[in-house]
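Peer 1: Structure file work04.cif, mmCIF, C-alpha atoms, is pasted below:
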```cif
data_model
loop_
_atom_site.label_atom_id
_atom_site.label_comp_id
_atom_site.auth_asym_id
_atom_site.auth_seq_id
_atom_site.Cartn_x
_atom_site.Cartn_y
_atom_site.Cartn_z
CA LEU A 1 -141.62 31.70 -12.05
CA GLN A 2 -144.27 29.06 -12.66
CA ASN A 3 -144.10 29.65 -16.40
CA VAL A 4 -140.36 28.97 -16.76
CA ARG A 5 -140.39 25.65 -14.91
CA ILE A 6 -140.28 22.40 -16.88
CA ASP A 7 -143.87 21.48 -16.24
CA PRO A 8 -146.60 20.53 -18.75
CA SER A 9 -148.79 23.33 -17.37
CA SER A 10 -146.18 26.09 -17.87
CA ILE A 11 -146.14 28.45 -20.86
CA SER A 12 -142.53 27.61 -21.73
CA PHE A 13 -143.03 23.80 -21.68
CA SER A 14 -144.19 23.51 -25.30
CA MET A 15 -141.25 25.73 -26.38
CA TRP A 16 -138.87 23.48 -24.44
CA LYS A 17 -140.38 20.23 -25.78
CA ASP A 18 -140.55 21.14 -29.48
CA ILE A 19 -138.32 24.14 -30.09
CA PRO A 20 -140.34 26.53 -32.31
CA VAL A 21 -137.30 28.60 -33.28
CA PRO A 22 -136.17 27.99 -36.90
CA PHE A 23 -132.58 26.73 -36.61
CA TYR A 24 -130.15 26.61 -39.51
CA MET A 25 -126.76 24.95 -39.79
CA SER A 26 -124.41 26.62 -42.27
CA VAL A 27 -121.33 24.61 -43.26
CA HIS A 28 -118.21 26.10 -44.88
CA PHE A 29 -115.57 23.76 -46.33
CA PHE A 30 -111.89 24.52 -46.82
CA GLU A 31 -110.74 23.31 -50.23
CA VAL A 32 -107.03 22.56 -50.63
CA LEU A 33 -105.87 24.27 -53.83
CA ASN A 34 -102.33 22.83 -53.96
CA PRO A 35 -102.47 19.20 -52.77
CA LYS A 36 -99.47 18.06 -54.88
CA GLU A 37 -97.30 20.86 -53.51
CA VAL A 38 -98.38 20.09 -49.92
CA LEU A 39 -97.13 16.52 -50.43
CA GLN A 40 -93.72 18.04 -51.25
CA GLY A 41 -93.69 20.11 -48.05
CA ALA A 42 -95.35 23.33 -49.24
CA LYS A 43 -97.71 25.42 -47.15
CA PRO A 44 -101.39 24.49 -47.78
CA VAL A 45 -103.37 27.07 -49.72
CA LEU A 46 -107.05 27.04 -48.76
CA ASN A 47 -110.21 28.37 -50.36
CA GLN A 48 -113.42 28.62 -48.36
CA ARG A 49 -116.47 27.09 -50.08
CA GLY A 50 -120.12 27.47 -49.17
CA PRO A 51 -122.08 28.01 -47.10
CA TYR A 52 -124.11 24.82 -47.52
CA VAL A 53 -127.20 25.53 -45.45
CA TYR A 54 -129.46 23.02 -43.67
CA ARG A 55 -132.78 23.61 -41.93
CA GLU A 56 -132.55 22.00 -38.52
CA PHE A 57 -135.54 20.61 -36.63
CA ARG A 58 -135.19 19.66 -32.96
CA TYR A 59 -137.66 17.72 -30.86
CA LYS A 60 -137.60 15.77 -27.59
CA THR A 61 -138.72 12.20 -26.99
CA ASN A 62 -138.66 9.78 -24.04
CA ILE A 63 -139.60 12.62 -21.67
CA THR A 64 -139.70 11.07 -18.20
CA PHE A 65 -140.32 13.00 -14.97
CA HIS A 66 -138.66 11.72 -11.77
CA ASP A 67 -139.48 12.16 -8.09
CA ASN A 68 -136.28 14.10 -7.36
CA ASP A 69 -137.32 17.23 -9.30
CA THR A 70 -135.61 16.12 -12.54
CA VAL A 71 -136.72 15.10 -16.03
CA SER A 72 -134.92 12.93 -18.60
CA PHE A 73 -135.18 13.26 -22.37
CA LEU A 74 -133.58 12.54 -25.72
CA GLU A 75 -133.36 15.41 -28.19
CA TYR A 76 -133.24 14.52 -31.86
CA ARG A 77 -132.05 16.61 -34.79
CA LYS A 78 -133.16 16.37 -38.41
CA LEU A 79 -131.37 18.31 -41.14
CA PHE A 80 -132.70 19.21 -44.58
CA PHE A 81 -130.58 20.83 -47.29
CA GLN A 82 -131.74 24.30 -48.38
CA PRO A 83 -130.56 24.95 -51.97
CA ASP A 84 -132.05 28.46 -52.08
CA LEU A 85 -130.04 29.56 -49.03
CA SER A 86 -126.81 27.83 -50.06
CA ASN A 87 -123.90 28.94 -52.18
CA GLY A 88 -123.47 25.65 -54.01
CA SER A 89 -124.99 22.17 -54.07
CA GLU A 90 -124.24 18.91 -52.27
CA ASP A 91 -123.11 17.45 -55.62
CA GLU A 92 -120.12 19.79 -55.89
CA TYR A 93 -116.66 18.24 -55.63
CA ILE A 94 -114.12 19.53 -53.13
CA VAL A 95 -110.47 18.53 -52.62
CA VAL A 96 -109.84 17.84 -48.92
CA PRO A 97 -107.44 15.62 -46.95
CA ASN A 98 -108.20 11.91 -47.08
CA ILE A 99 -109.45 12.09 -43.51
CA LEU A 100 -109.51 8.34 -42.89
CA MET A 101 -106.06 7.72 -44.36
CA MET A 102 -104.27 10.73 -42.88
CA GLY A 103 -105.93 10.25 -39.50
CA ALA A 104 -105.03 6.55 -39.41
CA ALA A 105 -101.44 7.34 -40.44
CA VAL A 106 -100.92 9.69 -37.49
CA MET A 107 -102.66 7.25 -35.15
CA MET A 108 -100.30 4.46 -36.30
CA GLU A 109 -97.12 6.55 -36.14
CA ASN A 110 -95.73 4.73 -33.10
CA LEU A 111 -96.67 1.22 -34.20
CA PRO A 112 -93.99 -1.21 -35.50
CA ASN A 113 -92.61 -0.41 -38.95
CA PHE A 114 -93.84 -3.65 -40.48
CA VAL A 115 -97.45 -2.69 -39.59
CA LYS A 116 -97.00 0.69 -41.27
CA LEU A 117 -95.44 -0.98 -44.31
CA LEU A 118 -98.45 -3.31 -44.54
CA LEU A 119 -100.77 -0.31 -44.42
CA SER A 120 -98.70 1.54 -47.01
CA GLY A 121 -98.87 -1.46 -49.35
CA ALA A 122 -102.61 -1.78 -48.80
CA LEU A 123 -103.09 1.92 -49.52
CA ALA A 124 -101.18 1.55 -52.79
CA GLY A 125 -103.33 -1.43 -53.78
CA LEU A 126 -106.49 0.53 -52.99
CA LYS A 127 -105.12 3.57 -54.87
CA GLN A 128 -105.51 5.71 -51.76
CA GLU A 129 -103.87 9.12 -51.73
CA ALA A 130 -103.30 11.78 -49.09
CA PHE A 131 -105.96 14.05 -50.61
CA MET A 132 -109.33 13.10 -52.06
CA ASN A 133 -111.82 14.75 -54.40
CA ARG A 134 -115.34 14.02 -53.14
CA THR A 135 -118.74 15.69 -53.14
CA VAL A 136 -120.03 17.82 -50.28
CA GLY A 137 -122.77 15.25 -49.68
CA GLU A 138 -120.26 12.39 -49.42
CA ILE A 139 -118.00 14.24 -46.97
CA MET A 140 -121.01 15.26 -44.88
CA TRP A 141 -123.21 12.18 -44.88
CA GLY A 142 -120.84 9.37 -45.72
CA TYR A 143 -119.21 7.36 -48.46
CA GLU A 144 -118.19 3.72 -48.70
CA ASP A 145 -114.46 3.15 -48.60
CA PRO A 146 -112.64 -0.21 -48.72
CA LEU A 147 -109.98 1.41 -46.54
CA ILE A 148 -112.32 0.97 -43.55
CA ASP A 149 -112.28 -2.83 -43.89
CA THR A 150 -108.52 -2.80 -44.53
CA ILE A 151 -107.73 -0.81 -41.37
CA ASN A 152 -110.06 -3.02 -39.32
CA MET A 153 -108.21 -6.07 -40.64
CA LEU A 154 -104.67 -4.72 -40.09
CA VAL A 155 -105.26 -3.00 -36.73
CA PRO A 156 -108.51 -4.29 -35.16
CA GLY A 157 -110.12 -1.70 -32.91
CA LEU A 158 -108.24 1.29 -34.32
CA ILE A 159 -111.46 2.67 -35.84
CA PRO A 160 -114.56 1.24 -34.12
CA PHE A 161 -117.00 1.60 -37.02
CA LYS A 162 -117.87 -0.12 -40.27
CA GLY A 163 -119.61 0.77 -43.50
CA LYS A 164 -119.77 4.42 -44.51
CA PHE A 165 -117.61 7.24 -43.20
CA GLY A 166 -118.80 10.86 -43.05
CA LEU A 167 -118.09 13.81 -40.78
CA PHE A 168 -121.78 14.41 -39.97
CA ILE A 169 -123.11 10.88 -40.51
CA GLU A 170 -124.00 10.51 -36.82
CA LEU A 171 -125.58 13.94 -36.53
CA ASN A 172 -128.68 13.61 -38.72
CA ASN A 173 -131.68 11.74 -37.30
CA SER A 174 -129.80 11.10 -34.09
CA ASN A 175 -129.85 12.31 -30.49
CA SER A 176 -127.18 14.01 -28.39
CA GLY A 177 -127.43 11.58 -25.49
CA LEU A 178 -129.77 11.14 -22.55
CA PHE A 179 -129.95 14.38 -20.58
CA THR A 180 -131.43 14.54 -17.08
CA VAL A 181 -132.05 18.12 -15.96
CA ASN A 182 -133.71 19.90 -13.06
CA THR A 183 -137.34 20.93 -13.55
CA GLY A 184 -137.26 23.87 -11.11
CA MET A 185 -140.45 22.66 -9.40
CA LYS A 186 -138.89 22.93 -5.94
CA ASN A 187 -135.91 25.19 -6.65
CA ILE A 188 -136.35 27.59 -9.56
CA SER A 189 -132.66 28.57 -9.44
CA ARG A 190 -131.79 25.03 -10.60
CA VAL A 191 -134.20 24.83 -13.54
CA HIS A 192 -132.58 23.40 -16.72
CA MET A 193 -129.33 22.63 -14.86
CA VAL A 194 -127.94 19.24 -15.91
CA ASP A 195 -128.14 16.50 -13.29
CA SER A 196 -126.53 13.84 -15.51
CA TRP A 197 -125.74 13.00 -19.14
CA ASN A 198 -126.05 9.38 -20.26
CA GLY A 199 -126.26 8.53 -16.56
CA LEU A 200 -122.92 10.22 -15.84
CA LYS A 201 -122.30 12.98 -13.31
CA LYS A 202 -118.99 13.65 -15.02
CA VAL A 203 -117.22 12.41 -18.16
CA ASN A 204 -113.86 10.62 -18.31
CA TYR A 205 -112.38 12.09 -21.50
CA TRP A 206 -109.98 14.49 -19.81
CA ARG A 207 -107.06 14.52 -17.37
CA SER A 208 -108.55 16.56 -14.51
CA SER A 209 -111.73 16.45 -12.44
CA GLU A 210 -112.41 20.09 -13.29
CA CYS A 211 -112.32 19.46 -17.04
CA ASN A 212 -114.48 16.32 -16.72
CA MET A 213 -117.26 18.11 -14.82
CA ILE A 214 -120.70 18.42 -16.44
CA ASN A 215 -121.68 21.99 -15.59
CA GLY A 216 -124.54 24.29 -16.54
CA THR A 217 -127.55 23.46 -18.68
CA ALA A 218 -128.08 21.47 -21.89
CA GLY A 219 -127.58 24.73 -23.82
CA GLU A 220 -131.25 25.51 -24.54
CA MET A 221 -132.42 27.63 -21.61
CA TRP A 222 -131.01 28.90 -18.32
CA PRO A 223 -132.45 29.73 -14.86
CA PRO A 224 -134.35 33.05 -14.66
CA PHE A 225 -133.05 36.30 -13.19
CA MET A 226 -129.62 35.97 -14.76
CA SER A 227 -126.74 38.12 -13.62
CA PRO A 228 -124.42 39.81 -16.16
CA THR A 229 -121.47 37.53 -15.40
CA SER A 230 -121.33 34.18 -17.20
CA LEU A 231 -123.34 31.13 -18.26
CA GLU A 232 -122.41 27.47 -18.67
CA PHE A 233 -123.64 24.55 -20.74
CA TYR A 234 -122.53 21.02 -21.55
CA SER A 235 -121.82 20.36 -25.23
CA PRO A 236 -121.78 16.68 -26.33
CA ASP A 237 -120.29 17.84 -29.66
CA ALA A 238 -117.27 19.32 -27.87
CA CYS A 239 -117.30 16.60 -25.16
CA ARG A 240 -117.01 19.24 -22.44
CA SER A 241 -118.71 22.01 -20.54
CA MET A 242 -118.26 25.52 -21.86
CA THR A 243 -118.40 28.84 -20.06
CA LEU A 244 -119.40 31.99 -21.93
CA VAL A 245 -118.92 35.46 -20.44
CA TYR A 246 -121.11 38.56 -20.45
CA GLU A 247 -120.19 41.10 -23.09
CA GLN A 248 -122.97 43.71 -23.20
CA SER A 249 -126.66 44.43 -22.69
CA GLY A 250 -128.90 45.05 -25.66
CA LYS A 251 -132.29 44.40 -27.21
CA PHE A 252 -133.54 41.89 -29.73
CA GLU A 253 -136.72 43.08 -31.49
CA GLY A 254 -137.48 45.23 -28.44
CA VAL A 255 -136.84 42.45 -25.87
CA PRO A 256 -134.00 43.16 -23.38
CA THR A 257 -131.05 40.75 -23.67
CA TYR A 258 -127.64 39.96 -22.24
CA ARG A 259 -125.04 38.96 -24.84
CA PHE A 260 -122.65 36.18 -23.82
CA VAL A 261 -119.52 35.35 -25.86
CA ALA A 262 -116.59 32.95 -25.69
CA PRO A 263 -113.65 34.17 -23.58
CA LYS A 264 -110.20 34.05 -25.16
CA THR A 265 -109.34 31.31 -22.67
CA LEU A 266 -111.99 28.88 -23.98
CA PHE A 267 -109.56 26.93 -26.20
CA ALA A 268 -106.33 28.23 -24.66
CA ASN A 269 -103.63 25.67 -23.89
CA GLY A 270 -102.48 24.75 -20.38
CA THR A 271 -99.48 27.07 -20.54
CA ASP A 272 -101.52 30.19 -21.29
CA TYR A 273 -104.43 29.13 -19.04
CA PRO A 274 -103.52 26.53 -16.37
CA PRO A 275 -107.13 25.33 -15.72
CA ASN A 276 -107.13 23.97 -19.30
CA GLU A 277 -104.15 21.71 -18.60
CA GLY A 278 -106.64 18.86 -18.14
CA PHE A 279 -107.60 19.10 -21.83
CA CYS A 280 -104.00 18.46 -22.92
CA PRO A 281 -101.82 17.18 -24.58
CA CYS A 282 -101.99 20.65 -26.09
CA MET A 283 -100.47 22.45 -29.01
CA GLN A 284 -100.82 26.19 -29.66
CA SER A 285 -103.50 28.19 -27.87
CA GLY A 286 -106.79 28.43 -29.71
CA ILE A 287 -107.24 24.76 -30.60
CA GLN A 288 -108.45 21.94 -28.38
CA ASN A 289 -107.39 18.34 -28.83
CA VAL A 290 -110.57 16.22 -28.83
CA SER A 291 -108.93 12.94 -29.90
CA THR A 292 -109.86 11.27 -26.61
CA CYS A 293 -113.55 11.59 -27.42
CA ARG A 294 -113.19 11.16 -31.20
CA LEU A 295 -111.88 7.59 -31.49
CA ASN A 296 -108.31 8.85 -30.84
CA ALA A 297 -108.27 10.50 -34.28
CA PRO A 298 -106.03 13.63 -34.46
CA ILE A 299 -109.01 16.00 -34.47
CA PHE A 300 -108.95 19.52 -33.00
CA ILE A 301 -111.76 22.02 -32.52
CA SER A 302 -111.40 25.80 -32.62
CA HIS A 303 -113.17 28.99 -33.54
CA PRO A 304 -113.57 29.45 -37.32
CA HIS A 305 -110.44 30.65 -39.17
CA PHE A 306 -108.54 30.17 -35.88
CA TYR A 307 -110.16 33.33 -34.46
CA ASN A 308 -108.68 34.14 -31.02
CA ALA A 309 -105.91 31.58 -31.61
CA ASP A 310 -102.13 31.72 -31.76
CA PRO A 311 -101.18 33.59 -34.98
CA ALA A 312 -98.83 30.71 -35.83
CA LEU A 313 -101.88 28.56 -36.67
CA VAL A 314 -103.18 31.14 -39.16
CA ASN A 315 -99.74 31.65 -40.67
CA ALA A 316 -99.19 27.91 -41.18
CA VAL A 317 -101.70 27.97 -44.05
CA GLU A 318 -102.84 30.52 -46.63
CA GLY A 319 -106.43 31.69 -47.07
CA LEU A 320 -107.62 32.34 -43.51
CA ARG A 321 -108.97 35.72 -42.43
CA PRO A 322 -110.24 35.55 -38.85
CA SER A 323 -112.66 38.28 -37.76
CA LYS A 324 -114.94 38.82 -34.78
CA ASP A 325 -117.97 39.75 -36.91
CA GLN A 326 -117.91 36.54 -38.95
CA HIS A 327 -116.29 33.98 -36.66
CA ALA A 328 -117.15 34.78 -33.02
CA LEU A 329 -119.99 32.89 -31.36
CA PHE A 330 -122.65 34.58 -29.23
CA LEU A 331 -125.84 34.00 -27.25
CA ASP A 332 -128.41 36.75 -26.66
CA VAL A 333 -130.48 35.69 -23.63
CA HIS A 334 -133.51 37.33 -22.01
CA PRO A 335 -132.16 37.70 -18.44
CA MET A 336 -135.55 37.60 -16.69
CA THR A 337 -136.52 34.16 -18.08
CA GLY A 338 -133.17 32.68 -19.18
CA ILE A 339 -134.56 32.01 -22.68
CA PRO A 340 -132.23 32.65 -25.67
CA MET A 341 -133.65 35.14 -28.15
CA ASN A 342 -130.89 35.00 -30.77
CA CYS A 343 -127.79 32.83 -31.08
CA SER A 344 -125.02 31.69 -33.40
CA ILE A 345 -122.76 28.91 -32.14
CA LYS A 346 -119.72 28.39 -34.37
CA LEU A 347 -117.05 25.68 -34.34
CA GLN A 348 -114.29 24.57 -36.69
CA LEU A 349 -113.06 21.00 -37.23
CA ASN A 350 -109.34 20.58 -37.90
CA LEU A 351 -107.18 17.57 -38.76
CA TYR A 352 -103.55 17.27 -37.71
CA ILE A 353 -101.57 15.94 -40.69
CA LYS A 354 -97.87 15.19 -41.10
CA GLN A 355 -95.36 12.93 -42.82
CA VAL A 356 -95.34 9.51 -41.14
CA SER A 357 -92.24 7.39 -41.75
CA GLY A 358 -93.06 4.06 -43.35
CA ILE A 359 -96.23 5.31 -45.01
CA ILE A 360 -95.16 6.67 -48.39
CA GLN A 361 -98.58 8.19 -49.14
CA THR A 362 -97.91 10.94 -46.55
CA GLY A 363 -95.04 12.23 -48.74
CA LYS A 364 -93.11 15.11 -47.18
CA ILE A 365 -96.13 16.80 -45.57
CA LYS A 366 -95.01 19.20 -42.88
CA PRO A 367 -96.85 18.97 -39.54
CA VAL A 368 -99.86 21.28 -39.66
CA VAL A 369 -103.28 21.60 -38.07
CA LEU A 370 -105.35 21.81 -41.24
CA PRO A 371 -108.87 23.29 -41.15
CA LEU A 372 -111.47 20.96 -42.69
CA LEU A 373 -114.67 22.95 -42.24
CA TRP A 374 -116.50 25.25 -39.90
CA PHE A 375 -120.19 25.39 -39.13
CA ALA A 376 -122.61 27.76 -37.46
CA GLU A 377 -125.85 26.71 -35.78
CA SER A 378 -128.02 29.82 -35.69
CA GLY A 379 -131.56 30.66 -34.68
CA SER A 380 -133.73 33.48 -33.36
CA ILE A 381 -137.23 33.79 -31.94
CA GLU A 382 -139.64 35.24 -34.49
CA GLY A 383 -143.28 35.36 -35.61
CA SER A 384 -146.06 34.57 -33.16
CA VAL A 385 -143.61 33.32 -30.52
CA LEU A 386 -141.76 36.64 -30.58
CA LYS A 387 -145.06 38.55 -30.42
CA GLN A 388 -146.15 36.54 -27.37
CA PHE A 389 -142.75 37.05 -25.79
CA TYR A 390 -142.83 40.80 -26.36
CA THR A 391 -146.40 41.15 -25.06
CA ASN A 392 -145.86 39.11 -21.88
CA LEU A 393 -142.32 40.19 -21.03
CA VAL A 394 -142.08 43.77 -22.27
CA LEU A 395 -145.48 45.32 -22.91
CA ILE A 396 -147.42 44.02 -19.89
CA PRO A 397 -144.57 44.62 -17.37
CA SER A 398 -144.17 48.18 -18.71
CA LEU A 399 -147.92 48.74 -18.39
CA MET A 400 -147.90 47.39 -14.85
CA ASP A 401 -144.96 49.66 -14.05
CA TYR A 402 -146.90 52.71 -15.26
CA LEU A 403 -150.05 51.61 -13.42
CA GLN A 404 -148.29 51.33 -10.07
CA TYR A 405 -147.21 54.98 -10.34
CA ILE A 406 -150.75 55.99 -11.36
CA PHE A 407 -152.20 54.13 -8.37
CA LEU A 408 -149.55 55.63 -6.12
CA GLY A 409 -150.42 59.09 -7.42
CA LEU A 410 -154.14 58.51 -6.83
CA SER A 411 -153.56 57.12 -3.36
CA VAL A 412 -151.71 60.19 -2.06
CA PRO A 413 -154.79 62.53 -2.03
CA LEU A 414 -156.83 59.77 -0.41
CA ILE A 415 -154.24 59.32 2.33
CA ILE A 416 -154.13 63.10 2.92
CA SER A 417 -157.95 63.32 3.03
CA ALA A 418 -158.12 60.45 5.49
CA ALA A 419 -155.51 62.12 7.68
CA VAL A 420 -157.44 65.43 7.69
CA LEU A 421 -160.72 63.71 8.57
CA MET A 422 -159.04 61.95 11.46
#
```
Please render this file's structure as structure tokens.
Peer 2:
Amino acid sequence: LQNVRIDPSSISFSMWKDIPVPFYMSVHFFEVLNPKEVLQGAKPVLNQRGPYVYREFRYKTNITFHDNDTVSFLEYRKLFFQPDLSNGSEDEYIVVPNILMMGAAVMMENLPNFVKLLLSGALAGLKQEAFMNRTVGEIMWGYEDPLIDTINMLVPGLIPFKGKFGLFIELNNSNSGLFTVNTGMKNISRVHMVDSWNGLKKVNYWRSSECNMINGTAGEMWPPFMSPTSLEFYSPDACRSMTLVYEQSGKFEGVPTYRFVAPKTLFANGTDYPPNEGFCPCMQSGIQNVSTCRLNAPIFISHPHFYNADPALVNAVEGLRPSKDQHALFLDVHPMTGIPMNCSIKLQLNLYIKQVSGIIQTGKIKPVVLPLLWFAESGSIEGSVLKQFYTNLVLIPSLMDYLQYIFLGLSVPLIISAAVLM
């Protein structure tokens, strides 16, 4: 118990502070093969590209212990492209929706027509089109676009950023917010449980108290002596707490584990799963509207290839093949310590696109939730850390188990002899 607390003297502290597990982020893009036809109302045809693999390093700073059995910290991530593990380079060009333009168009749909006409004229002057051909590196880490300044001029506050735009521009060399978690010094059953995030006990993105709750841990470790039921963690990327459910027991490199997976209700809509009504306005089950925490942009998250989603989402485009083996997320956790041994967390980013009257660049695009990319953050304990884990948590306990029976066997004759002598 002492060794799983967040305490500088515990064995697990160094693992918690600077995660020794090699993490990798694999990104798969969806290239649109028929952009001209989509503008005329055709079904989008997609081709998956990648993976583009990045080595991910995580480390904690600003570690501050408090008197109420909690500790605060910032965790930073650094990503480095791995050409040898990737199927392609960051210099490759991919045709994807013009995310800024199409997102702004949907966001401006209910504004006065003259505003939309101004935007449409500005888009024509800037030679902006509904689809763009850019490199993987530009889409990931940002590109300069005069459209940003134009939107800020026409509709101030619509997009609260300047300069470059990129889907992962805020991920690299950045932190996921200030977490304050329990250390377990007084109550081991609360270790790693989140006390607050950015000073908040709950968020205000959603429409119900239940959906706004910050539950579980920060997603790195859990309290020891886990039961085969469920686990929770708060994800800043998804702007919500997530609950995974127990699937099966197993072993990872000889170490006993519980496997936890996403339930089918994770991204279900409020009709199919009433507790999720707070995440609405909803569309089909299997996608979650995260516009309220993504600058009001029409962004949805889901499992890759719309796995576990309404079949209508898959059928609205061509080129998706959802499967459990490739697209389901999982966590393999050592139940005695609450430490993950092997994991692969997968999410897909989707953009809702449609024809917007008054903006000619949107053509005759039919309303569709279009997959942009999906990524998997994966890692497993290996090397010297795995060896130490196996020795301390498998080998020694097994030896102690055998020894207790040996001692019990030796003690029986002694007890009988003592009884006879008495």
Peer 1: Evaluated on this file, the PyMOL selection byres ((chain A and resi 304-312) around 9) picks out some residues - which ones are they, written as a ChimeraX atom specification?
Peer 2: /A:263-265,267-268,284-287,302-303,313-316,319-324,326-328,346-349,371,373-375
Peer 1: Would you write out, as a PyMOL selection string, every residue that the PyMOL selection byres ((chain A and resi 29) around 6) captures in this file?
Peer 2: chain A and resi 28+30+48-49+373
Peer 1: Provide the CA of Lys36 (chain A) to CA of Met102 (chain A) distance in Å, to one decimal place.
Peer 2: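 So the answer is 14.9 Å.
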Peer 1: So, with all atoms listed in the file as the atoms that count, which of A:Leu111, A:Leu178, A:Glu90, A:Ala42 lies closest to Ile63 (chain A)?
Peer 2: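 Of all the options, A:Leu178 lies closest to Ile63 (chain A).
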Peer 1: Could you please determine the separation between CA of Leu329 (chain A) and CA of Thr243 (chain A) in Å, to one decimal place?
Peer 2: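 Going from CA of Leu329 (chain A) over to CA of Thr243 (chain A) covers 12.1 Å.
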Peer 1: Quote the spacing between CA of Lys186 (chain A) and CA of Pro340 (chain A) in Å to one decimal place.
Peer 2: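 We find that CA of Lys186 (chain A) and CA of Pro340 (chain A) lie 23.0 Å from each other.
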Peer 1: May I have the protein, DNA and RNA residues with an atom at most 10 Å from (-125.4, 42.8, -22.3), counting all atoms listed in the file in the file's coordinates, returned as a list in words?
Peer 2: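 The requested residues, written out, are Ser227, Pro228, Thr229, Val245, Tyr246, Glu247, Gln248, Ser249, Gly250, Lys251, Pro256, Thr257, Tyr258, Arg259, Phe260, Asp332, Val333, His334 and Pro335 of chain A.
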Peer 1: Using C-alpha atoms, can you write the selected residues to a file as a short mmCIF file (atom, residue, chain, number, x, y, z; two decimals), keeping the file's coordinate frame?
Peer 2:
```
data_model
loop_
_atom_site.label_atom_id
_atom_site.label_comp_id
_atom_site.auth_asym_id
_atom_site.auth_seq_id
_atom_site.Cartn_x
_atom_site.Cartn_y
_atom_site.Cartn_z
CA SER A 227 -126.74 38.12 -13.62
CA PRO A 228 -124.42 39.81 -16.16
CA THR A 229 -121.47 37.53 -15.40
CA VAL A 245 -118.92 35.46 -20.44
CA TYR A 246 -121.11 38.56 -20.45
CA GLU A 247 -120.19 41.10 -23.09
CA GLN A 248 -122.97 43.71 -23.20
CA SER A 249 -126.66 44.43 -22.69
CA GLY A 250 -128.90 45.05 -25.66
CA LYS A 251 -132.29 44.40 -27.21
CA PRO A 256 -134.00 43.16 -23.38
CA THR A 257 -131.05 40.75 -23.67
CA TYR A 258 -127.64 39.96 -22.24
CA ARG A 259 -125.04 38.96 -24.84
CA PHE A 260 -122.65 36.18 -23.82
CA ASP A 332 -128.41 36.75 -26.66
CA VAL A 333 -130.48 35.69 -23.63
CA HIS A 334 -133.51 37.33 -22.01
CA PRO A 335 -132.16 37.70 -18.44
#
```
Peer 1: Could you check which of A:Ser9, A:Ser189, A:Ser26, A:Asn98 is closest to Phe225 (chain A), using only C-alpha atoms?
Peer 2: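 Of A:Ser9, A:Ser189, A:Ser26, A:Asn98, the one nearest Phe225 (chain A), counting only C-alpha atoms, is A:Ser189.
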Peer 1: Once the PyMOL selection byres ((chain A and resi 170) around 12) is applied to the coordinates I shared, what remains selected? I want it as a ChimeraX atom specification.
Peer 2: /A:76-79,140-142,161,164-169,171-177,237
Peer 1: Would you mind listing what lies within 10 Å of Leu100 (chain A) as a ChimeraX atom specification, with only C-alpha atoms counted and same-chain residues fewer than 5 positions away left out?
Peer 2: /A:105,130,145,147-148,151,159,165-166,297
Peer 1: Would you list the contacts of Pro223 (chain A) as a list of chain:residue names, taking every protein, DNA or RNA residue within 9 Å and counting all atoms listed in the file, but skipping same-chain residues closer than 6 positions in sequence?
Peer 2: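 Once the nearby chain positions are removed, what remains is A:Val4, A:Arg5, A:Gly184, A:Ile188, A:Ser189, A:Arg190, A:Val191, A:His192, A:Met193, A:Thr217, A:Pro335, A:Met336, A:Thr337, A:Gly338, A:Ile339.
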Peer 1: So, counting only C-alpha atoms, which residue among A:Glu318, A:Val369, A:Val32, A:Trp206 is closest to Pro281 (chain A)?
Peer 2: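 Checking each candidate against Pro281 (chain A), we get A:Trp206 as the closest.
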Peer 1: Neighbouring residues of Asn34 (chain A) were defined as those with any atom within 12 Å, considering only C-alpha atoms; residues of the same chain fewer than 2 positions away were excluded. Please report them as a list in words.
Peer 2: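 Those residues are Glu31, Val32, Lys36, Glu37, Val38, Leu39, Gln40, Gly41, Ala42, Lys43, Pro44, Val45, Leu46, Asn47, Val95, Val96, Pro97, Phe131, Val317, Glu318 and Gly319 of chain A.
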